[in-house]
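Enquirer: Here you go, this is entry.txt (compact mmCIF, C-alpha atoms and all ligand atoms).
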```txt
# COMPACT_ATOMS: atom_id res chain seq x y z
CA MET T 121 -91.45 -92.62 65.93
CA HIS T 122 -89.86 -89.48 67.39
CA ARG T 123 -91.22 -87.96 70.59
CA LEU T 124 -91.16 -84.18 70.87
CA THR T 125 -91.66 -82.13 73.99
CA VAL T 126 -93.16 -78.80 72.99
CA LEU T 127 -92.82 -75.73 75.22
CA PRO T 128 -94.81 -72.92 73.58
CA GLY T 129 -93.95 -70.45 76.38
CA ASP T 130 -95.17 -66.86 76.47
CA GLY T 131 -96.06 -63.96 74.16
CA ILE T 132 -95.78 -64.94 70.50
CA GLY T 133 -94.33 -68.34 71.51
CA PRO T 134 -97.58 -70.32 71.11
CA GLU T 135 -98.38 -68.80 67.68
CA VAL T 136 -95.00 -69.41 66.12
CA VAL T 137 -94.77 -72.90 67.62
CA ARG T 138 -98.17 -73.79 66.17
CA GLU T 139 -96.94 -72.94 62.66
CA ALA T 140 -93.71 -74.86 63.18
CA ILE T 141 -95.58 -77.99 64.32
CA GLU T 142 -97.84 -77.76 61.27
CA VAL T 143 -94.72 -77.57 59.11
CA LEU T 144 -93.38 -80.64 60.90
CA ASN T 145 -96.64 -82.46 60.11
CA THR T 146 -96.30 -81.54 56.44
CA VAL T 147 -92.75 -82.85 56.37
CA ALA T 148 -93.86 -86.00 58.19
CA SER T 149 -96.44 -86.90 55.57
CA LYS T 150 -94.14 -86.01 52.69
CA PHE T 151 -91.25 -88.14 53.96
CA ASN T 152 -93.26 -90.81 55.74
CA LEU T 153 -92.05 -89.95 59.23
CA GLU T 154 -93.88 -90.17 62.52
CA PHE T 155 -93.77 -87.61 65.30
CA GLU T 156 -95.65 -87.46 68.54
CA THR T 157 -95.84 -84.15 70.41
CA GLU T 158 -96.58 -83.39 74.03
CA GLU T 159 -96.92 -79.84 75.39
CA ALA T 160 -95.66 -78.63 78.75
CA LEU T 161 -95.37 -75.37 80.66
CA MET T 162 -92.15 -73.38 80.97
CA GLY T 163 -91.54 -69.66 81.53
CA GLY T 164 -94.06 -67.04 82.65
CA CYS T 165 -97.02 -69.31 81.87
CA ALA T 166 -95.55 -71.88 84.28
CA ILE T 167 -95.09 -69.22 86.97
CA ASP T 168 -98.78 -68.35 86.62
CA ALA T 169 -99.97 -71.96 86.61
CA ALA T 170 -97.53 -73.62 89.00
CA GLY T 171 -95.62 -70.84 90.79
CA THR T 172 -92.29 -71.87 89.25
CA PRO T 173 -90.83 -71.21 85.77
CA LEU T 174 -89.65 -74.82 85.33
CA PRO T 175 -91.92 -77.38 86.98
CA GLU T 176 -90.27 -80.73 87.75
CA THR T 177 -92.81 -82.49 85.48
CA THR T 178 -91.71 -80.32 82.53
CA LEU T 179 -88.02 -81.10 83.06
CA GLU T 180 -88.81 -84.82 83.37
CA LEU T 181 -90.86 -84.81 80.17
CA CYS T 182 -88.02 -83.02 78.34
CA ARG T 183 -85.49 -85.54 79.64
CA THR T 184 -87.47 -88.58 78.53
CA GLY T 185 -88.47 -87.37 75.05
CA ASP T 186 -86.32 -87.31 71.91
CA ALA T 187 -86.11 -83.53 71.39
CA VAL T 188 -87.49 -80.28 72.78
CA LEU T 189 -89.04 -77.46 70.74
CA LEU T 190 -89.33 -74.13 72.56
CA GLY T 191 -91.16 -70.97 71.47
CA ALA T 192 -90.13 -67.98 73.58
CA ILE T 193 -90.49 -66.95 77.19
CA GLY T 194 -90.84 -63.83 79.32
CA GLY T 195 -92.75 -60.56 79.27
CA PRO T 196 -93.31 -57.38 81.29
CA LYS T 197 -95.80 -59.19 83.49
CA TRP T 198 -92.97 -61.15 85.12
CA ASP T 199 -90.15 -58.56 84.96
CA THR T 200 -88.67 -57.94 88.39
CA THR T 201 -85.36 -57.09 90.04
CA ASP T 202 -86.51 -58.63 93.32
CA PRO T 203 -84.07 -61.53 93.87
CA ASP T 204 -86.78 -63.51 95.69
CA LYS T 205 -89.36 -63.46 92.89
CA PRO T 206 -89.38 -66.15 90.16
CA ARG T 207 -88.42 -65.04 86.64
CA PRO T 208 -89.24 -66.81 83.35
CA GLU T 209 -85.54 -66.77 82.32
CA GLN T 210 -84.74 -69.01 85.28
CA GLY T 211 -86.84 -71.66 83.56
CA LEU T 212 -84.73 -71.46 80.43
CA LEU T 213 -81.44 -71.51 82.36
CA GLY T 214 -82.73 -74.41 84.48
CA LEU T 215 -83.65 -76.32 81.36
CA ARG T 216 -80.23 -75.76 79.77
CA LYS T 217 -78.52 -76.92 82.95
CA GLY T 218 -81.01 -79.73 83.66
CA LEU T 219 -80.58 -81.15 80.16
CA GLU T 220 -76.81 -80.49 80.23
CA LEU T 221 -77.00 -78.58 76.96
CA PHE T 222 -73.48 -77.25 76.92
CA ALA T 223 -73.26 -76.30 73.23
CA ASN T 224 -75.51 -73.70 71.66
CA LEU T 225 -75.32 -73.48 67.86
CA ARG T 226 -76.57 -70.27 66.27
CA PRO T 227 -76.23 -70.32 62.49
CA VAL T 228 -76.19 -66.91 60.83
CA LYS T 229 -76.83 -67.03 57.12
CA VAL T 230 -77.78 -64.06 55.02
CA PHE T 231 -80.77 -64.82 52.80
CA ASP T 232 -80.26 -63.28 49.36
CA ALA T 233 -83.87 -62.17 49.25
CA LEU T 234 -83.46 -60.19 52.48
CA ILE T 235 -80.13 -58.55 51.79
CA GLU T 236 -81.85 -55.15 51.60
CA SER T 237 -83.23 -55.41 55.15
CA SER T 238 -79.78 -55.33 56.77
CA THR T 239 -78.38 -52.02 57.95
CA LEU T 240 -74.99 -53.02 56.52
CA LYS T 241 -73.75 -52.69 52.95
CA PRO T 242 -74.76 -55.58 50.65
CA GLU T 243 -71.13 -56.26 49.68
CA VAL T 244 -70.17 -56.71 53.35
CA ILE T 245 -72.90 -59.23 54.17
CA HIS T 246 -73.44 -61.01 50.85
CA ASP T 247 -72.61 -64.73 51.32
CA VAL T 248 -72.13 -64.47 55.09
CA ASP T 249 -72.52 -67.99 56.48
CA LEU T 250 -71.24 -68.52 60.02
CA VAL T 251 -72.19 -70.36 63.19
CA VAL T 252 -71.71 -69.08 66.72
CA VAL T 253 -71.01 -72.01 69.05
CA ARG T 254 -71.75 -70.64 72.48
CA GLU T 255 -70.87 -72.45 75.72
CA LEU T 256 -74.21 -72.69 77.52
CA THR T 257 -73.92 -74.30 80.95
CA GLY T 258 -70.92 -72.57 82.50
CA GLY T 259 -69.06 -69.26 82.58
CA LEU T 260 -70.60 -66.06 83.89
CA TYR T 261 -74.14 -67.41 83.80
CA PHE T 262 -73.48 -70.22 86.26
CA GLY T 263 -70.49 -69.20 88.40
CA ALA T 264 -70.80 -68.22 92.06
CA SER T 265 -73.09 -65.23 92.33
CA ALA T 266 -74.61 -63.25 95.19
CA ARG T 267 -75.98 -59.98 96.45
CA GLU T 268 -74.61 -58.80 99.79
CA GLY T 269 -76.10 -55.46 100.75
CA ASP T 270 -74.67 -52.88 98.33
CA ARG T 271 -72.35 -55.39 96.73
CA ALA T 272 -73.08 -58.02 94.09
CA TYR T 273 -70.88 -60.37 92.10
CA ASP T 274 -70.96 -62.97 89.35
CA THR T 275 -68.05 -65.29 88.65
CA LEU T 276 -66.53 -66.43 85.36
CA ASP T 277 -65.44 -69.94 86.17
CA TYR T 278 -64.46 -72.76 83.79
CA GLN T 279 -62.87 -76.15 84.10
CA ALA T 280 -60.77 -77.45 81.22
CA TYR T 281 -63.20 -80.30 80.42
CA GLU T 282 -66.00 -77.79 79.83
CA VAL T 283 -63.89 -75.89 77.32
CA GLU T 284 -62.66 -79.09 75.69
CA ARG T 285 -66.12 -80.56 75.04
CA LEU T 286 -67.36 -77.25 73.62
CA MET T 287 -64.33 -76.90 71.36
CA LYS T 288 -64.83 -80.45 70.08
CA VAL T 289 -68.33 -79.51 68.93
CA ALA T 290 -66.87 -76.44 67.19
CA PHE T 291 -64.07 -78.38 65.48
CA GLU T 292 -66.39 -81.18 64.35
CA LEU T 293 -68.80 -78.66 62.92
CA ALA T 294 -65.97 -76.83 61.13
CA GLU T 295 -64.80 -80.12 59.59
CA LYS T 296 -68.18 -80.38 57.85
CA ARG T 297 -68.08 -76.70 56.83
CA ARG T 298 -65.19 -74.53 55.66
CA GLY T 299 -62.67 -75.75 58.22
CA VAL T 300 -62.04 -72.54 60.19
CA VAL T 301 -62.60 -71.99 63.92
CA HIS T 302 -62.21 -68.69 65.76
CA SER T 303 -61.92 -69.28 69.49
CA VAL T 304 -62.96 -66.04 71.13
CA ASP T 305 -61.76 -65.00 74.59
CA LYS T 306 -60.33 -62.14 76.65
CA ALA T 307 -56.98 -63.78 77.35
CA ASN T 308 -55.18 -60.43 77.75
CA VAL T 309 -57.16 -59.84 80.93
CA LEU T 310 -58.98 -62.91 82.25
CA GLU T 311 -57.39 -66.00 83.79
CA SER T 312 -60.38 -68.11 82.71
CA SER T 313 -59.71 -66.97 79.14
CA ARG T 314 -56.08 -68.09 79.35
CA LEU T 315 -57.30 -71.54 80.37
CA TRP T 316 -59.82 -71.34 77.52
CA ARG T 317 -57.13 -70.45 74.97
CA GLN T 318 -54.74 -73.13 76.16
CA THR T 319 -57.45 -75.80 76.12
CA ALA T 320 -58.75 -74.71 72.71
CA GLY T 321 -55.21 -75.05 71.33
CA ALA T 322 -54.69 -78.48 72.85
CA THR T 323 -58.07 -79.72 71.60
CA GLY T 324 -57.35 -78.29 68.16
CA ALA T 325 -54.26 -80.48 67.84
CA GLY T 326 -56.69 -83.38 67.34
CA TYR T 327 -58.19 -81.66 64.28
CA PRO T 328 -55.25 -81.02 61.95
CA ASP T 329 -57.54 -80.16 59.03
CA VAL T 330 -59.19 -77.30 60.87
CA GLU T 331 -57.53 -73.89 61.09
CA LEU T 332 -57.71 -72.47 64.62
CA ASN T 333 -57.51 -68.73 65.23
CA HIS T 334 -57.61 -67.08 68.65
CA MET T 335 -59.36 -63.74 68.77
CA LEU T 336 -60.08 -61.31 71.59
CA VAL T 337 -63.77 -60.71 72.15
CA ASP T 338 -63.67 -56.93 71.64
CA ASN T 339 -61.83 -57.41 68.37
CA CYS T 340 -64.36 -60.08 67.35
CA ALA T 341 -67.23 -57.65 67.98
CA MET T 342 -65.52 -55.22 65.64
CA GLN T 343 -64.58 -57.81 62.98
CA LEU T 344 -68.17 -59.10 62.81
CA ILE T 345 -69.22 -55.73 61.44
CA ARG T 346 -66.06 -54.95 59.47
CA ASN T 347 -65.59 -58.26 57.66
CA PRO T 348 -68.05 -60.99 58.73
CA LYS T 349 -67.13 -63.25 55.80
CA GLN T 350 -63.86 -64.22 57.50
CA PHE T 351 -65.83 -66.31 60.02
CA ASP T 352 -66.93 -69.91 59.67
CA VAL T 353 -67.30 -71.17 63.26
CA ILE T 354 -66.97 -68.87 66.30
CA ALA T 355 -66.56 -70.71 69.63
CA THR T 356 -66.85 -68.79 72.86
CA GLU T 357 -67.81 -68.36 76.51
CA ASN T 358 -71.47 -68.14 77.58
CA LEU T 359 -71.91 -64.36 78.01
CA PHE T 360 -69.54 -63.47 75.16
CA GLY T 361 -71.62 -65.80 72.97
CA ASP T 362 -74.88 -64.23 74.12
CA ILE T 363 -73.68 -60.81 73.05
CA LEU T 364 -71.84 -61.81 69.86
CA SER T 365 -74.77 -63.92 68.62
CA ASP T 366 -77.20 -60.99 68.88
CA GLU T 367 -74.69 -58.85 67.05
CA ALA T 368 -74.12 -61.51 64.38
CA SER T 369 -77.85 -62.00 63.92
CA MET T 370 -78.24 -58.38 62.87
CA LEU T 371 -75.99 -59.03 59.87
CA THR T 372 -79.10 -60.65 58.41
CA GLY T 373 -81.21 -57.65 59.34
CA SER T 374 -83.87 -59.78 60.96
CA LEU T 375 -83.91 -61.40 64.36
CA GLY T 376 -87.11 -63.13 63.27
CA MET T 377 -85.24 -65.48 60.96
CA LEU T 378 -82.66 -67.12 63.16
CA ALA T 379 -82.90 -70.55 64.73
CA SER T 380 -80.77 -72.23 67.35
CA ALA T 381 -79.90 -75.69 68.57
CA SER T 382 -78.69 -76.48 72.09
CA LEU T 383 -76.95 -79.81 72.35
CA GLY T 384 -75.52 -81.99 75.10
CA GLU T 385 -74.54 -85.62 75.34
CA ARG T 386 -76.86 -87.18 77.86
CA TYR T 387 -80.27 -85.64 77.20
CA PRO T 388 -82.25 -84.58 74.13
CA GLY T 389 -81.39 -81.40 72.23
CA LEU T 390 -83.42 -78.21 72.51
CA TYR T 391 -84.42 -76.08 69.53
CA GLU T 392 -85.65 -72.52 69.70
CA PRO T 393 -85.78 -69.26 67.76
CA ILE T 394 -83.26 -66.75 69.05
CA HIS T 395 -85.84 -63.95 69.23
CA GLY T 396 -87.82 -63.19 72.38
CA SER T 397 -91.51 -63.43 73.21
CA ALA T 398 -92.44 -59.99 71.72
CA PRO T 399 -95.42 -59.48 74.07
CA ASP T 400 -96.32 -56.23 72.27
CA ILE T 401 -97.40 -58.12 69.15
CA ALA T 402 -98.64 -61.36 70.76
CA GLY T 403 -101.97 -62.74 69.59
CA GLN T 404 -102.22 -60.46 66.55
CA ASP T 405 -101.14 -62.91 63.85
CA VAL T 406 -98.22 -60.68 62.81
CA ALA T 407 -95.23 -62.50 64.35
CA ASN T 408 -92.68 -64.05 62.01
CA PRO T 409 -92.75 -67.86 62.46
CA ILE T 410 -89.69 -68.51 60.26
CA ALA T 411 -87.10 -68.74 63.07
CA THR T 412 -89.17 -71.42 64.82
CA ILE T 413 -89.81 -73.25 61.55
CA LEU T 414 -86.06 -73.21 60.85
CA SER T 415 -85.51 -74.52 64.41
CA VAL T 416 -87.54 -77.57 63.41
CA ALA T 417 -85.15 -78.03 60.48
CA LEU T 418 -82.19 -77.94 62.90
CA MET T 419 -83.98 -80.51 65.08
CA LEU T 420 -84.44 -82.87 62.13
CA ARG T 421 -80.76 -82.47 61.27
CA TYR T 422 -79.08 -82.66 64.68
CA SER T 423 -81.39 -84.81 66.78
CA PHE T 424 -82.76 -87.17 64.13
CA ASP T 425 -80.12 -87.11 61.40
CA LEU T 426 -82.84 -86.39 58.83
CA GLU T 427 -80.89 -84.16 56.44
CA THR T 428 -83.26 -84.36 53.44
CA PRO T 429 -86.39 -83.23 55.33
CA ALA T 430 -84.31 -80.50 57.02
CA LEU T 431 -83.19 -79.24 53.62
CA ALA T 432 -86.79 -79.39 52.38
CA ILE T 433 -87.82 -76.93 55.11
CA GLU T 434 -84.85 -74.63 54.53
CA GLY T 435 -85.39 -74.71 50.77
CA ALA T 436 -89.10 -73.91 51.21
CA VAL T 437 -88.27 -70.89 53.38
CA GLU T 438 -85.84 -69.61 50.77
CA ALA T 439 -88.36 -70.15 47.97
CA VAL T 440 -91.11 -68.32 49.85
CA LEU T 441 -88.83 -65.35 50.53
CA ALA T 442 -87.69 -65.31 46.91
CA GLY T 443 -91.39 -65.38 45.98
CA GLY T 444 -91.81 -62.07 47.83
CA PHE T 445 -93.76 -63.17 50.93
CA ARG T 446 -92.92 -61.14 54.03
CA THR T 447 -94.17 -60.80 57.57
CA ALA T 448 -94.31 -57.24 58.95
CA ASP T 449 -90.82 -57.37 60.55
CA ILE T 450 -89.11 -58.00 57.20
CA MET T 451 -91.58 -56.18 54.95
CA SER T 452 -90.24 -53.92 52.21
CA GLU T 453 -91.71 -52.13 49.24
CA GLY T 454 -93.32 -54.20 46.51
CA LYS T 455 -93.50 -57.38 48.60
CA THR T 456 -96.55 -59.36 49.71
CA MET T 457 -97.32 -58.90 53.39
CA VAL T 458 -98.61 -62.00 55.18
CA GLY T 459 -99.52 -62.85 58.77
CA THR T 460 -98.15 -65.63 60.97
CA VAL T 461 -100.57 -68.33 59.80
CA GLN T 462 -100.34 -67.35 56.14
CA MET T 463 -96.53 -67.46 56.28
CA GLY T 464 -96.80 -70.97 57.71
CA ASP T 465 -99.23 -71.88 54.93
CA VAL T 466 -97.05 -70.72 52.04
CA ILE T 467 -94.04 -72.53 53.51
CA ARG T 468 -96.08 -75.74 53.85
CA ARG T 469 -97.29 -75.42 50.26
CA ALA T 470 -93.69 -74.97 49.11
CA ILE T 471 -92.69 -78.15 50.96
CA GLU T 472 -95.55 -80.11 49.40
CA GLY T 473 -94.24 -78.92 46.03
C1 LIG T 501 -80.59 -66.02 74.78
C2 LIG T 501 -81.31 -65.14 75.74
C3 LIG T 501 -81.17 -65.75 77.12
C4 LIG T 501 -79.70 -65.77 77.46
C5 LIG T 501 -81.98 -65.04 78.22
C6 LIG T 501 -83.45 -64.98 77.88
C7 LIG T 501 -81.76 -65.69 79.55
O1 LIG T 501 -80.82 -63.84 75.68
O2 LIG T 501 -80.97 -67.20 74.64
O3 LIG T 501 -79.66 -65.55 74.13
O4 LIG T 501 -79.15 -64.77 77.93
O5 LIG T 501 -79.08 -66.81 77.25
MG MG T 502 -79.37 -63.53 74.14
```
Written as structure tokens, how would this file's structure read?
Expert:
Amino acid sequence: MHRLTVLPGDGIGPEVVREAIEVLNTVASKFNLEFETEEALMGGCAIDAAGTPLPETTLELCRTGDAVLLGAIGGPKWDTTDPDKPRPEQGLLGLRKGLELFANLRPVKVFDALIESSTLKPEVIHDVDLVVVRELTGGLYFGASAREGDRAYDTLDYQAYEVERLMKVAFELAEKRRGVVHSVDKANVLESSRLWRQTAGATGAGYPDVELNHMLVDNCAMQLIRNPKQFDVIATENLFGDILSDEASMLTGSLGMLASASLGERYPGLYEPIHGSAPDIAGQDVANPIATILSVALMLRYSFDLETPALAIEGAVEAVLAGGFRTADIMSEGKTMVGTVQMGDVIRRAIEG
């Protein structure tokens, strides 16, 4: 029995999570697995209900379960630049920190069936298969930060052990893939990046079968568009990873397809789509549930070591896309347009076989 904490969140979060849980139920009966789910509040909905984006009870539930599935959070209702007002994003950052999820894995794989929805040339993106491994509990997001009158600052601060544990995740992942790691930094300018580069090199010595390349972040941004196939695993600082992973996701032409896993050592992993809460289309049954469904596949793989059921989900998604089913965000001429629930249904039918 695996215990899941489910945080549907805001906007389209609840709709896409519902489809993903139904997919999990389908996989459970097919492979004779048992899951128990418990919902909790995080994000804007938690601000409304409890006055805080991450209630203590939610964090506790996440800590004591076996994995966390998150929809999406945020929306115009809670947008503010007032430093004293709670923001939904604080819930997400608090969860990452509170669960010590220092490694964020964002796989970017171009689906053959969707190659035409990218803005880039097919020959550039065909066969792209990379993972951004983003440091998630340090760097610019968590360094000393303050507003003092007309001045404000954020600090990029790392200790060697934080870089080392992140790089280990990257090297271990590369060992199971094509054996290439690009460690991305700004070592020509930043002291923290020189520590990063040095630590990445020292950690890499323990992985002789993996090729380690150092790359400056501005060059990486350029190379991702110029020749994305050169990348297997990209390991980088928190904010660099935030930016590069959005850029990398657009290689696939569809933010609605990409899943992510956030992993630590002490507490359960967290799985979420990389897209936002899309409040403009919430409640209309048009959101693409695939990223959340693929997040469930990552959860089966990384938290529960259930590779076959994970592949069953990923295979079903590919089959459904090859069969021409599309939600509005990835719709193109001659394809069959489906809503959120229908997309979930065809994926479940594909899993059942
Ligand atoms: C992401 C998001 C978050 C981040 C926001 C919502 C705080 O952009 O997961 O990439 O910046 O980490
Ligand atoms: Mg982001």
Enquirer: As AutoDock Vina command-line options, please report the centre and edge lengths, rounded to one decimal in Å, of the axis-aligned box that holds all listed atoms of ligand LIG 501 (chain T) with 5 Å of padding on each of the six sides.
Expert:
```
--center_x -81.3 --center_y -65.5 --center_z 76.8 --size_x 14.4 --size_y 13.4 --size_z 15.4
```
Enquirer: Against ligand MG 502 (chain T), which residues of chain T fall within 8 Å? For each one I want the closest pair of atoms and the distance in Å (one decimal), counting all atoms listed in the file, rows by chain and increasing residue number, as a tab-separated table.
Expert:
```
residue	atom	partner	partner_atom	distance
T:Asp362	CA	T:MG502	MG	4.5
T:Ile363	CA	T:MG502	MG	6.4
T:Ser365	CA	T:MG502	MG	7.2
T:Asp366	CA	T:MG502	MG	6.2
T:Ile394	CA	T:MG502	MG	7.2
```
Enquirer: Between T:Val253, T:His122, T:Leu234, T:Glu295, which one has atoms that come closest to Glu154 in chain T, using all atoms listed in the file?
Expert: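 Closest residue, counting all atoms listed in the file: T:His122.
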Enquirer: Could you report the residues within 10 Å of ligand LIG 501 (chain T), using only C-alpha atoms and all ligand atoms, as a ChimeraX atom specification?
Expert: /T:192-194,207-213,216,224,226,254,256-257,261,358-359,361-366,380,382,392-397
Enquirer: Those residues you just picked out, can you put them in a file as a compact mmCIF listing (two decimals), keeping the file's coordinate frame with C-alpha atoms?
Expert:
```txt
# COMPACT_ATOMS: atom_id res chain seq x y z
CA ALA T 192 -90.13 -67.98 73.58
CA ILE T 193 -90.49 -66.95 77.19
CA GLY T 194 -90.84 -63.83 79.32
CA ARG T 207 -88.42 -65.04 86.64
CA PRO T 208 -89.24 -66.81 83.35
CA GLU T 209 -85.54 -66.77 82.32
CA GLN T 210 -84.74 -69.01 85.28
CA GLY T 211 -86.84 -71.66 83.56
CA LEU T 212 -84.73 -71.46 80.43
CA LEU T 213 -81.44 -71.51 82.36
CA ARG T 216 -80.23 -75.76 79.77
CA ASN T 224 -75.51 -73.70 71.66
CA ARG T 226 -76.57 -70.27 66.27
CA ARG T 254 -71.75 -70.64 72.48
CA LEU T 256 -74.21 -72.69 77.52
CA THR T 257 -73.92 -74.30 80.95
CA TYR T 261 -74.14 -67.41 83.80
CA ASN T 358 -71.47 -68.14 77.58
CA LEU T 359 -71.91 -64.36 78.01
CA GLY T 361 -71.62 -65.80 72.97
CA ASP T 362 -74.88 -64.23 74.12
CA ILE T 363 -73.68 -60.81 73.05
CA LEU T 364 -71.84 -61.81 69.86
CA SER T 365 -74.77 -63.92 68.62
CA ASP T 366 -77.20 -60.99 68.88
CA SER T 380 -80.77 -72.23 67.35
CA SER T 382 -78.69 -76.48 72.09
CA GLU T 392 -85.65 -72.52 69.70
CA PRO T 393 -85.78 -69.26 67.76
CA ILE T 394 -83.26 -66.75 69.05
CA HIS T 395 -85.84 -63.95 69.23
CA GLY T 396 -87.82 -63.19 72.38
CA SER T 397 -91.51 -63.43 73.21
```
Enquirer: Which residue gives the smallest distance to Val136 in chain T among T:Val406, T:Ala381, T:Ala439, T:Ala160, with only C-alpha atoms counted?
Expert: T:Val406
Enquirer: Find the residues near Asp338 in chain T: any atom within 9 Å, counting only C-alpha atoms, skip ones fewer than 4 places away on the same chain, and give them as an MDAnalysis selection string.
Expert: chainID T and resid 305:306 342:343
Enquirer: Range 280-282 of chain T: which residues within 12 Å, counting only C-alpha atoms, same-chain residues fewer than 3 positions away excluded, as number ranges by chain?
Expert: T: 220-223, 254-259, 277, 285-289, 312-323, 356-358, 384
Enquirer: List as a PyMOL selection string the protein and nucleic acid residues near Lys241 in chain T, meaning an atom at most 12 Å away when all atoms listed in the file are counted, but skip any in the same chain fewer than 3 places from it.
Expert: chain T and resi 235-238+244-246+345-348+371-373
Enquirer: Counting all atoms listed in the file, figure out which residue out of T:Asp168, T:Asp186, T:Ile141, T:His334 gets nearest to Gly464 in chain T.
Expert: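 Under the stated criterion, the closest residue is T:Ile141.
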